[in-house]
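*Asks:* As input, take entry.cif (mmCIF, C-alpha atoms and all ligand atoms):
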```cif
data_input
loop_
_atom_site.label_atom_id
_atom_site.label_comp_id
_atom_site.auth_asym_id
_atom_site.auth_seq_id
_atom_site.Cartn_x
_atom_site.Cartn_y
_atom_site.Cartn_z
CA MET O 1130 -16.07 1.89 -2.16
CA GLU O 1131 -14.05 1.39 -5.35
CA SER O 1132 -13.23 -2.21 -6.21
CA LEU O 1133 -9.61 -3.30 -6.13
CA GLY O 1134 -10.70 -6.72 -7.42
CA GLY O 1135 -8.04 -8.50 -9.44
CA ARG O 1136 -5.21 -6.35 -8.10
CA VAL O 1137 -2.32 -8.04 -6.31
CA ILE O 1138 -1.08 -5.76 -3.53
CA ALA O 1139 2.00 -6.45 -1.40
CA ILE O 1140 2.07 -4.95 2.10
CA ALA O 1141 5.49 -4.78 3.77
CA GLY O 1142 5.37 -4.55 7.57
CA ALA O 1143 1.76 -5.77 7.55
CA GLY O 1144 1.95 -7.16 11.08
CA GLY O 1145 2.61 -3.82 12.81
CA ASN O 1146 0.30 -1.24 14.40
CA LEU O 1147 -1.24 0.03 11.17
CA GLY O 1148 -1.02 -3.18 9.15
CA PRO O 1149 -4.20 -4.95 10.30
CA THR O 1150 -6.44 -1.98 9.45
CA VAL O 1151 -4.86 -1.55 6.01
CA VAL O 1152 -5.02 -5.29 5.34
CA GLY O 1153 -8.71 -5.40 6.32
CA ARG O 1154 -9.54 -2.36 4.18
CA LEU O 1155 -7.78 -3.59 1.03
CA ALA O 1156 -9.15 -7.13 1.44
CA SER O 1157 -12.69 -5.75 1.73
CA SER O 1158 -12.20 -4.12 -1.71
CA GLY O 1159 -11.34 -7.46 -3.27
CA ALA O 1160 -7.56 -7.11 -3.60
CA ARG O 1161 -5.43 -10.23 -3.39
CA LEU O 1162 -2.90 -9.52 -0.65
CA ALA O 1163 0.70 -10.58 -0.12
CA LEU O 1164 1.77 -9.82 3.44
CA GLY O 1165 5.45 -9.46 4.35
CA GLY O 1166 7.30 -9.11 7.65
CA ARG O 1167 10.37 -10.65 9.20
CA ASP O 1168 8.23 -13.45 10.74
CA LYS O 1169 5.57 -15.32 8.81
CA SER O 1170 3.55 -16.67 11.75
CA PRO O 1171 2.08 -13.32 12.97
CA LEU O 1172 1.00 -12.64 9.38
CA ASP O 1173 -0.75 -16.03 9.16
CA ALA O 1174 -2.44 -15.26 12.51
CA LEU O 1175 -3.52 -11.83 11.22
CA ALA O 1176 -5.08 -13.33 8.08
CA GLU O 1177 -6.90 -15.90 10.20
CA ASP O 1178 -8.17 -13.22 12.64
CA LEU O 1179 -9.51 -11.16 9.74
CA GLY O 1180 -10.94 -14.24 8.03
CA ILE O 1181 -9.14 -13.55 4.77
CA GLU O 1182 -6.93 -15.50 2.38
CA ALA O 1183 -3.47 -13.96 2.13
CA ASP O 1184 -0.12 -14.94 0.68
CA THR O 1185 2.21 -14.51 3.66
CA ALA O 1186 6.00 -14.57 3.61
CA ALA O 1187 9.01 -13.91 5.82
CA VAL O 1188 10.91 -11.05 4.20
CA ASP O 1189 13.68 -8.83 5.53
CA LEU O 1190 13.71 -5.59 3.58
CA LEU O 1191 17.17 -4.80 4.97
CA ASP O 1192 18.30 -7.57 2.62
CA ALA O 1193 18.06 -6.74 -1.11
CA ASP O 1194 17.96 -10.43 -2.11
CA SER O 1195 15.14 -11.14 0.34
CA ALA O 1196 13.13 -8.25 -1.17
CA ARG O 1197 13.71 -9.57 -4.71
CA ARG O 1198 12.81 -13.14 -3.75
CA TRP O 1199 9.59 -11.83 -2.18
CA VAL O 1200 8.38 -10.02 -5.28
CA GLU O 1201 9.46 -12.82 -7.61
CA GLY O 1202 7.56 -15.37 -5.50
CA ILE O 1203 4.41 -13.23 -5.57
CA VAL O 1204 4.58 -12.79 -9.34
CA GLU O 1205 5.16 -16.52 -9.79
CA ARG O 1206 2.16 -17.42 -7.62
CA HIS O 1207 -0.27 -14.68 -8.74
CA GLY O 1208 0.94 -13.78 -12.23
CA ARG O 1209 1.10 -10.05 -11.55
CA MET O 1210 2.20 -7.28 -9.18
CA ASP O 1211 0.05 -4.16 -8.89
CA ALA O 1212 1.15 -2.33 -5.75
CA LEU O 1213 3.63 -2.19 -2.91
CA VAL O 1214 2.46 -0.56 0.34
CA HIS O 1215 5.46 0.05 2.60
CA LEU O 1216 4.48 0.05 6.30
CA VAL O 1217 7.84 -0.94 7.83
CA GLY O 1218 8.33 1.23 10.88
CA GLY O 1219 9.92 1.82 14.26
CA TRP O 1220 11.26 4.71 16.27
CA ARG O 1221 14.35 5.84 18.21
CA GLY O 1222 14.79 9.25 19.81
CA GLY O 1223 13.82 11.29 22.83
CA LYS O 1224 17.21 12.82 23.71
CA PRO O 1225 18.18 16.48 23.19
CA ILE O 1226 19.82 16.78 19.75
CA GLU O 1227 23.29 17.51 21.13
CA GLU O 1228 23.16 14.21 23.04
CA ALA O 1229 21.32 12.06 20.48
CA PRO O 1230 23.16 8.74 20.00
CA LEU O 1231 24.20 8.67 16.34
CA GLU O 1232 23.66 4.90 16.41
CA ASP O 1233 19.95 5.85 16.34
CA TRP O 1234 20.55 7.39 12.93
CA ASP O 1235 22.24 4.19 11.67
CA PHE O 1236 19.30 2.14 12.91
CA LEU O 1237 16.64 4.46 11.49
CA HIS O 1238 18.48 4.90 8.20
CA GLY O 1239 18.28 1.13 7.73
CA LEU O 1240 14.70 0.75 8.91
CA LEU O 1241 13.11 3.78 7.26
CA ILE O 1242 15.27 4.50 4.18
CA ARG O 1243 17.15 1.35 3.18
CA THR O 1244 13.98 -0.77 3.35
CA VAL O 1245 12.27 1.72 0.99
CA GLN O 1246 15.29 1.56 -1.34
CA HIS O 1247 15.29 -2.23 -1.44
CA ALA O 1248 11.51 -2.28 -1.96
CA THR O 1249 11.93 0.19 -4.82
CA GLN O 1250 14.63 -1.77 -6.61
CA ALA O 1251 12.75 -5.07 -6.22
CA PHE O 1252 9.26 -3.80 -7.12
CA ALA O 1253 9.78 -0.87 -9.54
CA PRO O 1254 10.53 -2.97 -12.64
CA HIS O 1255 7.24 -4.88 -12.11
CA LEU O 1256 5.25 -1.73 -11.30
CA MET O 1257 6.53 0.14 -14.37
CA THR O 1258 5.49 -2.58 -16.79
CA ASN O 1259 2.14 -3.13 -15.09
CA GLY O 1260 0.51 -0.01 -16.57
CA ARG O 1261 -1.16 0.99 -13.28
CA GLY O 1262 1.48 0.10 -10.66
CA ARG O 1263 1.34 1.77 -7.26
CA PHE O 1264 3.99 2.49 -4.60
CA VAL O 1265 2.90 4.03 -1.27
CA ILE O 1266 4.86 4.90 1.86
CA VAL O 1267 3.62 6.34 5.15
CA SER O 1268 5.68 9.23 6.50
CA SER O 1269 5.52 11.55 9.48
CA SER O 1270 4.84 15.26 9.82
CA GLN O 1271 8.22 15.27 11.63
CA ALA O 1272 9.93 15.12 8.21
CA GLN O 1273 8.93 18.71 7.42
CA ALA O 1274 8.45 20.06 10.97
CA PRO O 1275 11.04 18.23 13.10
CA THR O 1276 11.29 18.51 16.85
CA HIS O 1277 14.87 18.32 18.08
CA THR O 1278 14.35 15.18 20.17
CA ASN O 1279 13.28 13.43 16.94
CA ALA O 1280 16.13 14.65 14.74
CA ALA O 1281 17.29 11.23 13.49
CA TYR O 1282 13.74 9.97 12.96
CA ALA O 1283 12.69 13.17 11.16
CA ALA O 1284 15.80 13.14 8.93
CA ALA O 1285 15.24 9.47 8.04
CA LYS O 1286 11.60 10.07 7.13
CA ALA O 1287 12.62 13.12 5.06
CA GLY O 1288 15.09 10.88 3.21
CA ALA O 1289 12.43 8.24 2.57
CA GLU O 1290 10.07 10.92 1.25
CA ALA O 1291 12.68 12.36 -1.15
CA TRP O 1292 13.54 8.85 -2.38
CA THR O 1293 9.86 8.09 -3.04
CA LEU O 1294 9.32 11.39 -4.87
CA ALA O 1295 12.35 10.53 -7.04
CA LEU O 1296 10.71 7.17 -7.78
CA ALA O 1297 7.57 9.08 -8.82
CA ASP O 1298 9.75 10.95 -11.31
CA ARG O 1299 11.05 7.62 -12.66
CA PHE O 1300 7.44 6.40 -13.02
CA ARG O 1301 6.36 9.37 -15.17
CA GLY O 1302 4.78 8.15 -18.39
CA SER O 1303 4.57 4.50 -17.28
CA GLY O 1304 1.10 4.64 -15.70
CA ALA O 1305 2.66 3.79 -12.32
CA THR O 1306 2.54 6.18 -9.37
CA ALA O 1307 4.48 6.69 -6.12
CA ASN O 1308 3.05 8.76 -3.29
CA VAL O 1309 3.63 9.61 0.36
CA ILE O 1310 0.93 9.69 3.07
CA VAL O 1311 2.00 12.09 5.84
CA ILE O 1312 0.52 11.49 9.28
CA GLY O 1313 0.84 12.33 12.96
CA THR O 1314 0.80 9.58 15.59
CA ILE O 1315 -1.41 6.64 14.62
CA VAL O 1316 -4.42 5.63 16.69
CA THR O 1317 -5.63 2.10 15.95
CA PRO O 1318 -8.94 0.44 16.88
CA ALA O 1319 -7.00 -1.69 19.42
CA MET O 1320 -5.57 1.45 21.07
CA ARG O 1321 -9.05 2.97 21.37
CA ASP O 1322 -10.35 -0.28 22.91
CA GLU O 1323 -7.48 -0.36 25.42
CA SER O 1324 -7.89 3.29 26.52
CA PRO O 1325 -11.51 4.32 25.93
CA GLU O 1326 -11.10 7.39 28.17
CA LYS O 1327 -8.05 8.78 26.30
CA ASP O 1328 -8.33 11.78 23.96
CA PHE O 1329 -6.92 10.71 20.61
CA SER O 1330 -8.20 13.75 18.72
CA SER O 1331 -4.70 14.90 17.71
CA PHE O 1332 -3.79 11.42 16.37
CA THR O 1333 -4.32 10.15 12.80
CA SER O 1334 -6.78 7.26 12.69
CA ALA O 1335 -5.65 3.99 11.16
CA GLU O 1336 -8.97 3.78 9.32
CA GLU O 1337 -8.38 7.15 7.61
CA ILE O 1338 -4.86 6.11 6.57
CA ALA O 1339 -6.25 2.82 5.21
CA GLU O 1340 -8.80 4.79 3.14
CA ALA O 1341 -5.99 6.90 1.68
CA VAL O 1342 -3.97 3.76 0.83
CA ALA O 1343 -7.01 2.18 -0.87
CA TYR O 1344 -7.62 5.38 -2.84
CA LEU O 1345 -4.00 5.63 -3.98
CA CYS O 1346 -4.12 1.98 -5.12
CA SER O 1347 -7.28 2.57 -7.15
CA ASP O 1348 -7.92 3.81 -10.70
CA ALA O 1349 -9.44 6.96 -9.15
CA ALA O 1350 -5.89 8.08 -8.26
CA ALA O 1351 -4.37 7.26 -11.67
CA SER O 1352 -3.01 10.77 -12.21
CA MET O 1353 -1.87 11.35 -8.63
CA ASN O 1354 1.89 10.87 -8.72
CA GLY O 1355 4.67 12.32 -6.57
CA GLN O 1356 2.29 13.79 -3.99
CA ARG O 1357 2.52 14.17 -0.22
CA ILE O 1358 -0.99 13.62 1.14
CA THR O 1359 -1.23 15.04 4.64
CA LEU O 1360 -3.72 13.56 7.12
CA ARG O 1361 -3.28 15.84 10.10
CA GLY O 1362 -6.69 17.44 10.21
CA GLY O 1363 -7.23 16.91 13.93
CA ALA O 1364 -3.90 18.34 15.07
N1 LIG E 1 3.07 4.54 14.55
C1 LIG E 1 2.99 5.86 14.32
O1 LIG E 1 2.45 6.65 15.11
C2 LIG E 1 3.57 6.41 13.03
C3 LIG E 1 3.68 7.80 12.84
C4 LIG E 1 4.17 8.30 11.63
C5 LIG E 1 4.53 7.43 10.61
N2 LIG E 1 4.41 6.08 10.83
C6 LIG E 1 4.79 5.16 9.74
O2 LIG E 1 3.65 4.39 9.38
C7 LIG E 1 4.07 3.08 8.97
C8 LIG E 1 3.34 2.04 9.82
O3 LIG E 1 3.62 2.32 11.19
P1 LIG E 1 3.48 1.18 12.31
O4 LIG E 1 3.44 1.88 13.61
O5 LIG E 1 2.41 0.24 11.90
O6 LIG E 1 4.90 0.45 12.13
P2 LIG E 1 5.54 -0.63 13.13
O7 LIG E 1 4.46 -1.37 13.81
O8 LIG E 1 6.57 0.05 13.98
O9 LIG E 1 6.33 -1.55 12.10
C9 LIG E 1 5.63 -2.29 11.12
C10 LIG E 1 6.30 -3.59 10.88
O10 LIG E 1 7.57 -3.42 10.24
C11 LIG E 1 8.14 -4.70 10.26
N3 LIG E 1 9.57 -4.65 10.01
C12 LIG E 1 10.56 -4.10 10.77
N4 LIG E 1 11.75 -4.27 10.18
C13 LIG E 1 11.52 -4.94 9.03
C14 LIG E 1 12.35 -5.41 7.98
N5 LIG E 1 13.67 -5.23 8.01
N6 LIG E 1 11.78 -6.07 6.94
C15 LIG E 1 10.45 -6.26 6.91
N7 LIG E 1 9.61 -5.83 7.86
C16 LIG E 1 10.14 -5.18 8.92
C17 LIG E 1 7.83 -5.25 11.66
O11 LIG E 1 7.42 -6.58 11.55
P3 LIG E 1 8.39 -7.78 11.92
O12 LIG E 1 9.03 -7.39 13.21
O13 LIG E 1 7.52 -8.98 11.95
O14 LIG E 1 9.35 -7.80 10.78
C18 LIG E 1 6.64 -4.42 12.10
O15 LIG E 1 5.53 -5.21 12.45
C19 LIG E 1 5.58 3.05 9.14
O16 LIG E 1 6.24 3.35 7.94
C20 LIG E 1 5.84 4.16 10.16
O17 LIG E 1 7.15 4.71 10.06
C21 LIG E 1 3.95 5.55 11.99
#
```
Take the structure in this file and express it as structure tokens.

*Replies:*
Amino acid sequence: MESLGGRVIAIAGAGGNLGPTVVGRLASSGARLALGGRDKSPLDALAEDLGIEADTAAVDLLDADSARRWVEGIVERHGRMDALVHLVGGWRGGKPIEEAPLEDWDFLHGLLIRTVQHATQAFAPHLMTNGRGRFVIVSSSQAQAPTHTNAAYAAAKAGAEAWTLALADRFRGSGATANVIVIGTIVTPAMRDESPEKDFSSFTSAEEIAEAVAYLCSDAAASMNGQRITLRGGA
């Protein structure tokens, strides 16, 4: 396991389904973690559960100023910023495309694209001067193979992917990288514990995603920039 010791890694949306596994994985490699979500208390509880020290903060990535204050606070407290892992998520959909409420698009555009844009504009200046900055988002196979009941979700994820690949282009020559991890539905350790009889073989395991995040944050992935890494082996 490659050491991430000395790196300061910010995880946005750390308190969600995937967050705890990614937090545990990066902490076990020695990274100093800054956890962000709209509420601070679940993030403090997560750090306590995992028995780790973490810099937790309430941040709303729908608000550009909140995103900027978050990164500035981290840099002030830790003296550096090495990576932003964007795990902000949520879903709307399920209706046939001709009936899909377009309010779902407005919601998902904010949640899945605007939060990536605000994260980019707050973090990119720090990541570009860092020499080995990292920016990682987690997308869905729906972006390239949409089902019609997921049209708004798939279009939003496709937008977030294109934005991130454009950021990778901006990073060229700076030593920073931006990459996209493409997954199916996540299965977490908690989900397996709750439904031991269920067949999760077509899901993407949280542990495998966490490994990919750790790899992308490491020196081993220094020349991997602007890539879509697909973890859909079981499906
Ligand atoms: N779950 C899946 O099966 C699946 C499939 C494909 C891709 N993905 C992607 O994988 C990533 C992780 O998924 P997940 O299921 O762990 O996500 P999630 O649990 O749905 O959301 C993660 C966290 O995002 C935070 N959040 C929501 N709005 C926010 C905002 N405006 N500012 C800051 N934080 C905000 C929420 O925390 P607070 O409410 O505390 O703010 C939530 O805990 C996401 O990008 C998701 O789109 C997930």

*Asks:* Select from chain O every residue with an atom at most 6 Å from any atom of ligand LIG 1 (chain E), then for each give the shortest pair of atoms and their distance in Å to one decimal, using only C-alpha atoms and all ligand atoms, rows by chain and rising number, as CSV.

*Replies:*
```
residue,atom,partner,partner_atom,distance
O:Ala1141,CA,E:LIG1,N7,5.9
O:Gly1142,CA,E:LIG1,C10,3.6
O:Gly1144,CA,E:LIG1,O15,4.3
O:Gly1145,CA,E:LIG1,O7,3.2
O:Asn1146,CA,E:LIG1,O5,3.6
O:Leu1147,CA,E:LIG1,O5,3.7
O:Gly1148,CA,E:LIG1,O5,5.6
O:Gly1166,CA,E:LIG1,O14,4.0
O:Arg1167,CA,E:LIG1,O14,3.4
O:Asp1168,CA,E:LIG1,O13,4.7
O:Val1188,CA,E:LIG1,C15,5.5
O:Asp1189,CA,E:LIG1,N6,3.6
O:Leu1190,CA,E:LIG1,N6,3.9
O:Leu1191,CA,E:LIG1,N5,4.7
O:Leu1216,CA,E:LIG1,C7,4.1
O:Val1217,CA,E:LIG1,O10,3.5
O:Gly1218,CA,E:LIG1,O9,3.6
O:Gly1219,CA,E:LIG1,O8,3.8
O:Leu1240,CA,E:LIG1,N4,6.0
O:Val1267,CA,E:LIG1,O2,4.7
O:Ser1268,CA,E:LIG1,C5,4.6
O:Ser1269,CA,E:LIG1,C4,4.1
O:Ile1312,CA,E:LIG1,C4,5.4
O:Gly1313,CA,E:LIG1,C3,5.3
O:Thr1314,CA,E:LIG1,O1,3.4
O:Ile1315,CA,E:LIG1,O1,3.9
```

*Asks:* Need to verify the contact set: Asp1211 in chain O, 9 Å, all atoms listed in the file, exclusion of same-chain residues closer than 3 positions in sequence. Can you return it as a PyMOL selection string?

*Replies:* chain O and resi 1136-1139+1255-1256+1259-1264+1346

*Asks:* Export C-alpha atoms of the chosen residues as a compact mmCIF listing (two decimals), keeping the file's coordinate frame?

*Replies:*
```
# COMPACT_ATOMS: atom_id res chain seq x y z
CA ARG O 1136 -5.21 -6.35 -8.10
CA VAL O 1137 -2.32 -8.04 -6.31
CA ILE O 1138 -1.08 -5.76 -3.53
CA ALA O 1139 2.00 -6.45 -1.40
CA HIS O 1255 7.24 -4.88 -12.11
CA LEU O 1256 5.25 -1.73 -11.30
CA ASN O 1259 2.14 -3.13 -15.09
CA GLY O 1260 0.51 -0.01 -16.57
CA ARG O 1261 -1.16 0.99 -13.28
CA GLY O 1262 1.48 0.10 -10.66
CA ARG O 1263 1.34 1.77 -7.26
CA PHE O 1264 3.99 2.49 -4.60
CA CYS O 1346 -4.12 1.98 -5.12
```

*Asks:* I need the residue nearest Val1316 in chain O from this list: O:Ala1283, O:Ala1163, O:Ile1358, O:Ile1338. Use all atoms listed in the file for the distance.

*Replies:*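 Checking each of O:Ala1283, O:Ala1163, O:Ile1358, O:Ile1338 against Val1316 in chain O, counting all atoms listed in the file, the winner is O:Ile1338.
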
*Asks:* To one decimal in Å, tell me the separation between CA of Leu1162 in chain O and CA of Thr1185 in chain O.

*Replies:*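 Value for the CA of Leu1162 in chain O-CA of Thr1185 in chain O distance: 8.3 Å.
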
*Asks:* Point out the residue among O:Ala1274, O:Val1214, O:Val1204, O:Val1245 with the least atom-to-atom distance to Val1151 in chain O, counting all atoms listed in the file.

*Replies:*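 Smallest separation from Val1151 in chain O among the options: O:Val1214.
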